[in-house]
Amino acid sequence: MLGKQDATNEDDIVAISLELGKSKEAQAKMEEDIKALWDKCTGLEDRPKRDNTKIHNVCENKDKMNTITVCQSLFQHILKEKRSTDIPIVQAHRVDASREVPGLRPRDIIVKLGSLQLKDTKI
């Protein structure tokens, strides 16, 4: 009777070992999938940022002029474009909170252009 019990226990141990091996394979596959998804998410997050341009040292005036208007006139002046609408600006904003302390460098401007191709050809 003891011999049958030992055989049953050995069969159970083999079955558990096989299940453990399958679990480790499944875990390795899941880890690969997680890494692939993480890389994909990072790419999706970075893609919209490619159209952005950062502009430094543009003076901030006290009347808080519209940042898009400031960028359009700046592009028109620098690029000698006849119309500032030749460069479509989707969004423009200053980075960080307002600075009231005199003597500090002006806040940077982040400009989102209409397309990456436009950024590469015009700017």
# chains A, B, ... in the order shown; residues from 1 in each chain; ligands from 1
call {"tool": "residues_around", "arguments": {"residues": "Glu60 of chain A", "least_positions_apart": "3", "cutoff": "9 Å", "atoms": "only C-alpha atoms", "output": "list in words"}}
result
Asn57, Asp63, Lys64, Met65, Pro106 and Arg107 of chain A
call {"tool": "atom_distance", "arguments": {"atom1": "atom CA of Arg47 of chain A", "atom2": "atom CA of Lys112 of chain A"}}
result
12.0 Å
call {"tool": "select_by_dssp", "arguments": {"residues": "segment 14-109 of chain A", "states": "strand (DSSP E)", "output": "list in words"}}
result
Asn52, Thr53, Lys54, Ile55, Ile89, Val90, Gln91, Ala92, His93, Arg94 and Ile109 of chain A
call {"tool": "closest_residue", "arguments": {"among": "A:Ala7, A:Cys71, A:Ile13, A:Leu44", "to": "Pro88 of chain A", "atoms": "only C-alpha atoms"}}
result
A:Cys71
call {"tool": "atom_distance", "arguments": {"atom1": "atom CA of Lys54 of chain A", "atom2": "atom CA of Val95 of chain A"}}
result
9.6 Å
call {"tool": "atom_distance", "arguments": {"atom1": "atom CA of Leu113 of chain A", "atom2": "atom CA of Lys49 of chain A"}}
result
10.0 Å
call {"tool": "decode", "arguments": {"residues": "segment 3-106 of chain A", "atoms": "C-alpha atoms", "output": "mmCIF file, in the first residue's frame"}}
result
data_model
loop_
_atom_site.group_PDB
_atom_site.id
_atom_site.type_symbol
_atom_site.label_atom_id
_atom_site.label_comp_id
_atom_site.auth_asym_id
_atom_site.auth_seq_id
_atom_site.Cartn_x
_atom_site.Cartn_y
_atom_site.Cartn_z
ATOM 1 C CA GLY A 3 4.273 1.701 -2.727
ATOM 2 C CA LYS A 4 1.103 2.921 -4.428
ATOM 3 C CA GLN A 5 1.119 6.083 -2.302
ATOM 4 C CA ASP A 6 4.748 6.780 -3.309
ATOM 5 C CA ALA A 7 3.885 6.332 -6.997
ATOM 6 C CA THR A 8 0.913 8.684 -6.683
ATOM 7 C CA ASN A 9 3.054 11.284 -4.928
ATOM 8 C CA GLU A 10 5.717 11.037 -7.636
ATOM 9 C CA ASP A 11 3.053 11.477 -10.312
ATOM 10 C CA ASP A 12 1.778 14.548 -8.467
ATOM 11 C CA ILE A 13 5.306 15.961 -8.250
ATOM 12 C CA VAL A 14 5.851 15.441 -11.993
ATOM 13 C CA ALA A 15 2.516 17.105 -12.788
ATOM 14 C CA ILE A 16 3.318 20.066 -10.549
ATOM 15 C CA SER A 17 6.785 20.394 -12.139
ATOM 16 C CA LEU A 18 5.227 20.462 -15.621
ATOM 17 C CA GLU A 19 2.711 23.101 -14.544
ATOM 18 C CA LEU A 20 5.501 25.169 -13.012
ATOM 19 C CA GLY A 21 7.476 24.978 -16.262
ATOM 20 C CA LYS A 22 4.422 26.128 -18.247
ATOM 21 C CA SER A 23 3.863 28.970 -15.783
ATOM 22 C CA LYS A 24 7.469 30.146 -16.180
ATOM 23 C CA GLU A 25 7.113 30.095 -19.980
ATOM 24 C CA ALA A 26 3.859 32.048 -19.741
ATOM 25 C CA GLN A 27 5.504 34.557 -17.400
ATOM 26 C CA ALA A 28 8.426 35.050 -19.809
ATOM 27 C CA LYS A 29 5.972 35.619 -22.691
ATOM 28 C CA MET A 30 4.012 38.136 -20.610
ATOM 29 C CA GLU A 31 7.213 40.006 -19.731
ATOM 30 C CA GLU A 32 8.080 40.229 -23.447
ATOM 31 C CA ASP A 33 4.576 41.515 -24.207
ATOM 32 C CA ILE A 34 4.806 44.096 -21.427
ATOM 33 C CA LYS A 35 8.136 45.377 -22.762
ATOM 34 C CA ALA A 36 6.728 45.626 -26.306
ATOM 35 C CA LEU A 37 3.665 47.505 -25.052
ATOM 36 C CA TRP A 38 5.834 49.824 -22.937
ATOM 37 C CA ASP A 39 7.970 50.685 -25.968
ATOM 38 C CA LYS A 40 4.856 51.295 -28.027
ATOM 39 C CA CYS A 41 3.381 53.610 -25.364
ATOM 40 C CA THR A 42 6.615 55.570 -25.196
ATOM 41 C CA GLY A 43 6.544 56.009 -28.966
ATOM 42 C CA LEU A 44 2.937 57.143 -28.910
ATOM 43 C CA GLU A 45 3.724 59.687 -26.194
ATOM 44 C CA ASP A 46 6.748 61.062 -28.057
ATOM 45 C CA ARG A 47 5.160 61.273 -31.515
ATOM 46 C CA PRO A 48 3.138 64.472 -30.933
ATOM 47 C CA LYS A 49 6.211 66.179 -29.476
ATOM 48 C CA ARG A 50 8.116 65.863 -32.765
ATOM 49 C CA ASP A 51 6.173 68.781 -34.244
ATOM 50 C CA ASN A 52 7.159 71.042 -31.343
ATOM 51 C CA THR A 53 9.749 73.781 -31.520
ATOM 52 C CA LYS A 54 11.246 75.487 -28.493
ATOM 53 C CA ILE A 55 12.051 79.192 -28.729
ATOM 54 C CA HIS A 56 14.350 80.829 -26.196
ATOM 55 C CA ASN A 57 14.778 84.435 -25.055
ATOM 56 C CA VAL A 58 11.646 86.039 -26.505
ATOM 57 C CA CYS A 59 10.861 89.015 -24.303
ATOM 58 C CA GLU A 60 7.708 88.911 -22.260
ATOM 59 C CA ASN A 61 5.751 92.118 -22.434
ATOM 60 C CA LYS A 62 3.514 93.349 -19.666
ATOM 61 C CA ASP A 63 0.309 93.374 -21.733
ATOM 62 C CA LYS A 64 0.478 89.542 -22.051
ATOM 63 C CA MET A 65 0.240 89.468 -25.853
ATOM 64 C CA ASN A 66 -1.152 86.273 -27.404
ATOM 65 C CA THR A 67 1.730 83.795 -27.720
ATOM 66 C CA ILE A 68 0.594 82.537 -31.134
ATOM 67 C CA THR A 69 0.589 86.098 -32.463
ATOM 68 C CA VAL A 70 4.075 86.653 -31.031
ATOM 69 C CA CYS A 71 5.353 83.484 -32.738
ATOM 70 C CA GLN A 72 3.732 84.318 -36.065
ATOM 71 C CA SER A 73 5.307 87.772 -36.129
ATOM 72 C CA LEU A 74 8.643 86.293 -35.051
ATOM 73 C CA PHE A 75 8.556 83.696 -37.848
ATOM 74 C CA GLN A 76 7.493 86.367 -40.335
ATOM 75 C CA HIS A 77 10.437 88.554 -39.308
ATOM 76 C CA ILE A 78 13.068 85.793 -39.185
ATOM 77 C CA LEU A 79 12.020 83.794 -42.236
ATOM 78 C CA LYS A 80 11.042 86.814 -44.339
ATOM 79 C CA GLU A 81 7.683 85.234 -45.095
ATOM 80 C CA LYS A 82 5.132 87.520 -46.732
ATOM 81 C CA ARG A 83 2.337 86.195 -44.551
ATOM 82 C CA SER A 84 2.725 84.694 -41.126
ATOM 83 C CA THR A 85 -0.160 82.319 -41.917
ATOM 84 C CA ASP A 86 2.205 80.398 -44.244
ATOM 85 C CA ILE A 87 3.384 78.666 -41.077
ATOM 86 C CA PRO A 88 0.332 77.224 -39.330
ATOM 87 C CA ILE A 89 0.740 77.214 -35.570
ATOM 88 C CA VAL A 90 -1.526 74.770 -33.794
ATOM 89 C CA GLN A 91 -0.626 75.859 -30.283
ATOM 90 C CA ALA A 92 1.925 78.044 -28.507
ATOM 91 C CA HIS A 93 2.511 78.604 -24.817
ATOM 92 C CA ARG A 94 5.175 79.713 -22.398
ATOM 93 C CA VAL A 95 6.845 77.165 -20.146
ATOM 94 C CA ASP A 96 6.594 77.423 -16.342
ATOM 95 C CA ALA A 97 4.720 79.937 -14.261
ATOM 96 C CA SER A 98 4.852 83.670 -14.765
ATOM 97 C CA ARG A 99 8.031 85.374 -13.593
ATOM 98 C CA GLU A 100 7.611 88.693 -11.879
ATOM 99 C CA VAL A 101 11.253 89.049 -10.823
ATOM 100 C CA PRO A 102 13.143 91.509 -13.047
ATOM 101 C CA GLY A 103 16.455 90.400 -14.526
ATOM 102 C CA LEU A 104 15.519 86.767 -15.083
ATOM 103 C CA ARG A 105 15.736 85.218 -18.525
ATOM 104 C CA PRO A 106 12.335 85.178 -20.296
#
